[in-house]
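Peer 1: My structure is stored as final35.tsv, with TSV, C-alpha atoms and all ligand atoms.
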```tsv
chain	number	residue	atom	x	y	z
M	1	MET	CA	87.29	-64.86	97.60
M	2	SER	CA	83.66	-64.61	98.62
M	3	GLN	CA	80.33	-63.99	97.00
M	4	ALA	CA	79.00	-62.51	100.19
M	5	ASN	CA	76.85	-59.81	98.62
M	6	GLY	CA	75.44	-62.03	95.94
M	7	LEU	CA	77.22	-59.56	93.66
M	8	ALA	CA	80.87	-59.46	92.81
M	9	THR	CA	83.66	-61.70	93.99
M	10	LEU	CA	86.08	-59.68	96.06
M	11	ALA	CA	89.51	-59.43	94.47
M	12	PRO	CA	92.57	-60.89	96.24
M	13	PRO	CA	94.75	-58.49	98.27
M	14	LEU	CA	96.48	-55.77	96.29
M	15	PRO	CA	100.24	-56.07	95.68
M	16	ALA	CA	102.23	-54.40	98.50
M	17	ARG	CA	103.14	-51.27	96.49
M	18	LEU	CA	99.45	-50.59	95.77
M	19	ARG	CA	98.43	-51.02	99.41
M	20	ARG	CA	100.43	-47.95	100.41
M	21	GLY	CA	99.17	-44.39	100.40
M	22	SER	CA	96.44	-42.52	102.16
M	23	ASP	CA	93.11	-44.02	103.13
M	24	PHE	CA	91.53	-42.09	100.27
M	25	TRP	CA	93.83	-43.69	97.68
M	26	LEU	CA	93.39	-47.16	99.09
M	27	VAL	CA	89.59	-46.86	98.96
M	28	PHE	CA	89.77	-45.32	95.49
M	29	LYS	CA	91.97	-48.15	94.16
M	30	LYS	CA	89.66	-50.73	95.71
M	31	PHE	CA	86.65	-49.01	94.21
M	32	LEU	CA	88.26	-49.10	90.76
M	33	THR	CA	89.06	-52.81	91.06
M	34	GLN	CA	85.97	-54.00	92.98
M	35	GLY	CA	83.22	-51.46	92.41
M	36	THR	CA	79.90	-52.43	93.90
M	37	SER	CA	81.22	-54.46	96.82
M	38	ILE	CA	83.10	-51.37	98.04
M	39	ALA	CA	80.28	-49.04	96.95
M	40	SER	CA	82.05	-45.76	97.63
M	41	PHE	CA	85.09	-44.18	96.07
M	42	ALA	CA	86.10	-42.29	99.21
M	43	PRO	CA	86.05	-42.96	102.95
M	44	SER	CA	83.21	-41.35	104.90
M	45	SER	CA	83.86	-37.83	106.18
M	46	ARG	CA	84.38	-36.97	109.82
M	47	VAL	CA	81.05	-35.10	109.74
M	48	LEU	CA	79.26	-38.20	108.53
M	49	ALA	CA	80.93	-40.30	111.22
M	50	THR	CA	79.97	-37.86	114.00
M	51	THR	CA	76.41	-37.64	112.69
M	52	LEU	CA	76.21	-41.42	112.65
M	53	VAL	CA	77.16	-41.81	116.30
M	54	LYS	CA	75.15	-38.82	117.56
M	55	GLY	CA	72.82	-39.88	120.35
M	56	ILE	CA	74.77	-42.98	121.35
M	57	ASP	CA	75.32	-43.01	125.08
M	58	PHE	CA	78.98	-43.93	125.27
M	59	ARG	CA	78.90	-43.81	129.08
M	60	THR	CA	76.74	-46.92	129.22
M	61	ALA	CA	77.52	-48.74	125.95
M	62	LYS	CA	79.18	-52.10	126.61
M	63	CYS	CA	79.51	-53.34	123.04
M	64	ILE	CA	79.26	-51.66	119.63
M	65	VAL	CA	79.55	-53.63	116.42
M	66	GLU	CA	80.58	-52.06	113.12
M	67	LEU	CA	79.96	-53.81	109.80
M	68	GLY	CA	82.00	-52.92	106.69
M	69	ALA	CA	84.56	-50.73	108.45
M	70	GLY	CA	86.68	-50.00	105.34
M	71	THR	CA	89.69	-47.87	106.31
M	72	GLY	CA	88.03	-46.88	109.57
M	73	PRO	CA	86.60	-43.33	109.47
M	74	ILE	CA	83.69	-44.45	111.64
M	75	THR	CA	85.90	-46.70	113.76
M	76	THR	CA	88.00	-43.59	114.47
M	77	GLU	CA	84.96	-41.85	115.92
M	78	LEU	CA	83.96	-44.91	117.94
M	79	VAL	CA	87.47	-45.26	119.39
M	80	ARG	CA	87.60	-41.56	120.17
M	81	ARG	CA	84.36	-41.68	122.17
M	82	ALA	CA	84.21	-45.16	123.67
M	83	ARG	CA	84.97	-45.66	127.34
M	84	PRO	CA	87.80	-48.08	128.21
M	85	GLY	CA	85.37	-50.88	129.11
M	86	THR	CA	83.41	-50.73	125.86
M	87	LYS	CA	84.01	-53.61	123.46
M	88	LEU	CA	84.34	-52.51	119.84
M	89	ILE	CA	84.09	-55.12	117.11
M	90	ALA	CA	84.65	-54.22	113.44
M	91	ILE	CA	83.81	-56.76	110.75
M	92	GLU	CA	85.37	-56.18	107.34
M	93	LEU	CA	85.65	-58.53	104.38
M	94	ASP	CA	88.60	-57.00	102.57
M	95	PRO	CA	92.06	-58.14	103.76
M	96	ASP	CA	93.84	-54.89	102.82
M	97	PHE	CA	91.32	-52.83	104.78
M	98	CYS	CA	91.66	-55.24	107.71
M	99	ARG	CA	95.43	-54.83	107.72
M	100	ARG	CA	95.05	-51.07	107.85
M	101	LEU	CA	92.40	-51.27	110.56
M	102	ARG	CA	94.66	-53.43	112.73
M	103	GLU	CA	97.52	-50.97	112.35
M	104	LYS	CA	95.34	-48.03	113.31
M	105	PHE	CA	93.13	-49.52	116.01
M	106	PRO	CA	94.98	-52.01	118.23
M	107	THR	CA	92.19	-51.88	120.83
M	108	VAL	CA	89.43	-52.86	118.39
M	109	ASP	CA	88.58	-56.50	117.66
M	110	ILE	CA	89.01	-56.50	113.86
M	111	VAL	CA	87.30	-59.49	112.30
M	112	GLU	CA	88.28	-60.30	108.73
M	113	GLY	CA	85.04	-61.89	107.67
M	114	ASP	CA	81.65	-61.69	106.09
M	115	ALA	CA	79.03	-59.59	107.87
M	116	CYS	CA	76.45	-62.12	106.70
M	117	LYS	CA	77.93	-64.39	109.40
M	118	LEU	CA	77.30	-61.77	112.08
M	119	ASP	CA	75.45	-64.15	114.37
M	120	ALA	CA	78.24	-66.75	114.36
M	121	ILE	CA	80.96	-64.09	114.73
M	122	LEU	CA	79.29	-62.65	117.83
M	123	ALA	CA	78.53	-66.10	119.25
M	124	GLU	CA	82.21	-67.10	118.90
M	125	ARG	CA	83.12	-64.06	120.98
M	126	GLY	CA	80.49	-64.72	123.61
M	127	VAL	CA	78.69	-61.46	122.76
M	128	LYS	CA	75.05	-61.86	123.73
M	129	GLU	CA	74.04	-58.25	123.36
M	130	ALA	CA	75.27	-55.26	121.37
M	131	ASP	CA	74.18	-51.75	122.26
M	132	HIS	CA	74.36	-50.58	118.66
M	133	VAL	CA	75.11	-52.07	115.25
M	134	ILE	CA	76.60	-49.61	112.80
M	135	SER	CA	76.74	-50.49	109.15
M	136	GLY	CA	78.88	-49.14	106.34
M	137	LEU	CA	77.86	-52.08	104.16
M	138	PRO	CA	76.32	-51.42	100.75
M	139	LEU	CA	73.16	-53.13	102.08
M	140	PRO	CA	70.78	-52.05	99.27
M	141	SER	CA	72.92	-53.94	96.76
M	142	PHE	CA	72.95	-57.14	98.80
M	143	ALA	CA	70.68	-59.97	97.70
M	144	PRO	CA	67.46	-59.56	99.75
M	145	ARG	CA	67.94	-62.81	101.68
M	146	LEU	CA	71.45	-61.75	102.75
M	147	ARG	CA	70.28	-58.29	103.70
M	148	GLU	CA	67.47	-59.82	105.74
M	149	ALA	CA	69.86	-62.28	107.40
M	150	ILE	CA	72.11	-59.41	108.51
M	151	LEU	CA	69.23	-57.30	109.82
M	152	LYS	CA	67.70	-60.27	111.61
M	153	ALA	CA	71.03	-61.23	113.22
M	154	ALA	CA	71.63	-57.61	114.25
M	155	HIS	CA	68.15	-57.42	115.74
M	156	SER	CA	68.54	-60.68	117.65
M	157	ARG	CA	71.67	-59.31	119.36
M	158	LEU	CA	70.57	-55.71	119.86
M	159	ALA	CA	69.83	-54.39	123.32
M	160	PRO	CA	66.16	-53.32	123.76
M	161	GLU	CA	67.07	-49.62	123.46
M	162	GLY	CA	69.68	-50.31	120.80
M	163	SER	CA	69.76	-48.99	117.25
M	164	PHE	CA	70.81	-50.14	113.83
M	165	ARG	CA	72.60	-47.33	112.01
M	166	GLN	CA	73.36	-47.29	108.31
M	167	ILE	CA	75.41	-44.90	106.19
M	168	THR	CA	74.46	-43.98	102.64
M	169	ASN	CA	75.84	-41.85	99.85
M	170	MET	CA	72.45	-41.66	98.16
M	171	PRO	CA	70.46	-39.34	100.45
M	172	TRP	CA	66.80	-40.37	101.12
M	173	VAL	CA	66.76	-42.88	98.26
M	174	TYR	CA	66.56	-45.97	100.49
M	175	TYR	CA	64.26	-44.60	103.17
M	176	ALA	CA	61.42	-46.84	101.94
M	177	LEU	CA	63.71	-49.85	101.92
M	178	TYR	CA	64.58	-49.48	105.61
M	179	LYS	CA	60.93	-48.77	106.42
M	180	GLN	CA	60.21	-52.28	105.18
M	181	TYR	CA	62.18	-53.61	108.13
M	182	PHE	CA	61.94	-51.03	110.94
M	183	ARG	CA	59.03	-49.20	112.54
M	184	ASP	CA	61.10	-46.14	113.30
M	185	VAL	CA	63.52	-44.87	110.64
M	186	ARG	CA	65.12	-41.42	110.86
M	187	PHE	CA	67.27	-39.96	108.15
M	188	ARG	CA	69.99	-37.39	108.82
M	189	PHE	CA	71.34	-35.62	105.76
M	190	VAL	CA	75.10	-35.02	105.66
M	191	PRO	CA	76.10	-32.60	102.86
M	192	ILE	CA	79.73	-32.51	103.95
M	193	ASN	CA	80.73	-35.88	102.58
M	194	PHE	CA	82.21	-36.97	99.29
M	195	PRO	CA	79.68	-37.47	97.74
M	196	PRO	CA	76.94	-35.92	99.97
M	197	GLY	CA	75.34	-38.64	102.02
M	198	GLY	CA	73.55	-39.33	105.22
M	199	VAL	CA	72.69	-41.83	107.88
M	200	TYR	CA	69.63	-43.85	108.79
M	201	VAL	CA	68.98	-44.52	112.45
M	202	CYS	CA	66.60	-47.47	112.71
M	203	ARG	CA	64.71	-49.00	115.63
M	204	GLY	CA	61.89	-51.48	116.06
M	205	TYR	CA	62.82	-54.23	113.62
M	206	PHE	CA	59.71	-56.15	112.73
M	207	GLY	CA	60.59	-58.74	110.21
M	208	ASN	CA	61.50	-59.78	106.78
M	209	GLY	CA	60.79	-56.86	104.54
M	210	LYS	CA	57.04	-57.37	104.30
M	211	GLY	CA	56.02	-55.06	107.14
G	1	LIG	C1	80.91	-48.01	101.48
G	1	LIG	S1	82.34	-48.85	102.17
G	1	LIG	C2	82.26	-48.11	103.79
G	1	LIG	C3	83.60	-48.11	104.45
G	1	LIG	C4	83.68	-47.27	105.73
G	1	LIG	N1	82.76	-47.74	106.74
G	1	LIG	C5	83.42	-45.80	105.46
G	1	LIG	O1	82.42	-45.28	106.00
G	1	LIG	O2	84.18	-45.18	104.74
G	1	LIG	C6	81.66	-50.51	102.38
G	1	LIG	C7	82.60	-51.47	103.10
G	1	LIG	O3	81.89	-52.70	103.31
G	1	LIG	C8	82.80	-53.79	103.09
G	1	LIG	N2	81.97	-54.98	102.81
G	1	LIG	C9	81.25	-55.23	101.70
G	1	LIG	N3	80.60	-56.41	101.81
G	1	LIG	C10	80.93	-56.90	103.04
G	1	LIG	C11	80.58	-58.07	103.76
G	1	LIG	N4	79.75	-58.99	103.23
G	1	LIG	N5	81.09	-58.26	104.99
G	1	LIG	C12	81.93	-57.34	105.55
G	1	LIG	N6	82.32	-56.21	104.92
G	1	LIG	C13	81.83	-55.99	103.68
G	1	LIG	C14	83.64	-53.31	101.93
G	1	LIG	O4	84.84	-54.04	101.83
G	1	LIG	C15	83.85	-51.84	102.31
G	1	LIG	O5	84.96	-51.69	103.12
```
What does this structure look like when you write it as structure tokens?
Peer 2:
Amino acid sequence: MSQANGLATLAPPLPARLRRGSDFWLVFKKFLTQGTSIASFAPSSRVLATTLVKGIDFRTAKCIVELGAGTGPITTELVRRARPGTKLIAIELDPDFCRRLREKFPTVDIVEGDACKLDAILAERGVKEADHVISGLPLPSFAPRLREAILKAAHSRLAPEGSFRQITNMPWVYYALYKQYFRDVRFRFVPINFPPGGVYVCRGYFGNGKG
């Protein structure tokens, strides 16, 4: 399908009988067949999702973009908190996850596509500014130029007070990586996740990984 991450080619959709089951089983089956491009064998926990969105002012947010939505644990939290006028856009590469997202979240703009094309996807929708960009992508395993392209595109669309938020299931390990791109990086540890994880909240993008 695509070599978006500079890693593995995503497999075609699963046969219908394998697409059924809980979100956990769907993610687990995808992880077994696709590994690194899925990056996690279980969906994020509710605690991780709430920690990720903590501090977002949903009263004023006009547009929030989610990258790598999977089966939607974070989307669930966004939908729960967003005001009716807030535009939610979720970009996900995998067709089976997109099908599930569309079933669960009819009010969210689900884009079956590559987050590396973030700029074009937002331009097509006339989105000039996003209040926050939230990423479930396995960004550390992306080729550096793709990772940089995503961060640069996110930055170019972010509102001045906006944030880039990234989940991880390897607590603290990639702090230095995000510090290469952002002046202000805060890590929030989330033990109640399978496996324990956390979130980075990043502001002040300054460039291409050189500091
Ligand atoms: C670690 S999972 C996170 C899923 C979900 N956000 C969660 O918290 O459980 C990473 C997700 O990123 C998606 N993904 C990987 N590369 C992508 C890309 N280039 N563009 C869009 N989605 C991508 C995978 O299909 C997978 O659903």
Peer 1: Select the residues contacting ligand LIG 1 (chain G) at a distance of at most 7 Å, based on all atoms listed in the file, then format the selection as a PyMOL selection string.
Peer 2: chain M and resi 4-5+37-40+42-44+67-74+91-94+97+113-116+136-138
Peer 1: Name the residues, using the chain letters and numbers of the file, that sit within 7 Å of (82.4, -51.5, 115.9) when counting all atoms listed in the file, and give them as a list of chain:residue names.
Peer 2: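 Returned residue set, sorted by chain then number, is M:Ile64, M:Val65, M:Glu66, M:Leu67, M:Thr75, M:Leu88, M:Ile89, M:Ala90, M:Ile134.
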Peer 1: CA of Ser135 in chain M and CA of Pro15 in chain M are how many Å apart?
Peer 2: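 So the answer is 27.7 Å.
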Peer 1: If we count only C-alpha atoms and set the cut-off at 9 Å, which residues sit around Arg83 in chain M, ignoring sequence neighbours fewer than 4 positions away in its own chain? Please answer as a VMD selection string.
Peer 2: chain M and resid 58 to 62 79 87
Peer 1: Using all atoms listed in the file, which residue out of M:Pro160, M:Thr51, M:Arg99, M:Leu118 lies closest to Leu78 in chain M?
Peer 2: M:Thr51
Peer 1: Between CA of Asp23 in chain M and CA of Ala120 in chain M, what distance in Å does the model show, to one decimal?
Peer 2: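 Taking CA of Asp23 in chain M and CA of Ala120 in chain M, their separation equals 29.4 Å.
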Peer 1: Could you jot down the CA of Thr107 in chain M to CA of Glu129 in chain M separation for me, Å, one decimal place?
Peer 2: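 CA of Glu129 in chain M lies 19.4 Å from CA of Thr107 in chain M.
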Peer 1: Could you tell me which of M:Ala49, M:Ala159, M:Ile121, M:Ala130 comes closest to Arg80 in chain M if we count all atoms listed in the file?
Peer 2: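 Nearest to Arg80 in chain M: M:Ala49.
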Peer 1: Just checking: using all atoms listed in the file, which residue out of M:Ala153, M:Ile56, M:Val199, M:Val111 ends up closest to Met170 in chain M?
Peer 2: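 Counting all atoms listed in the file, the residue closest to Met170 in chain M is M:Val199.
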Peer 1: In terms of the shortest atom-to-atom distance over all atoms listed in the file, which of M:Gly207, M:Pro171, M:Pro191, M:Gly198 is closest to Ala154 in chain M?
Peer 2: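 Of M:Gly207, M:Pro171, M:Pro191, M:Gly198, the one nearest Ala154 in chain M, counting all atoms listed in the file, is M:Gly207.
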Peer 1: Determine the axis-aligned bounding box of all atoms of range 63-75 of chain M present in the file, pad each side by 8 Å, and express its centre and edge lengths in Å to one decimal place as JSON.
Peer 2:
```
{"center_x": 84.5, "center_y": -48.6, "center_z": 114.2, "size_x": 26.4, "size_y": 26.5, "size_z": 33.7}
```
Peer 1: Can you work out which one of M:Val53, M:Leu139, M:Val185, M:Val127 has the shortest atom-to-atom distance to Arg157 in chain M, counting only C-alpha atoms?
Peer 2: M:Val127
Peer 1: Please determine, counting all atoms listed in the file, which residue among M:Arg125, M:Lys117, M:Lys29, M:Arg147 has the shortest atom-to-atom distance to Leu14 in chain M.
Peer 2: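 Closest to Leu14 in chain M of all the choices is M:Lys29.
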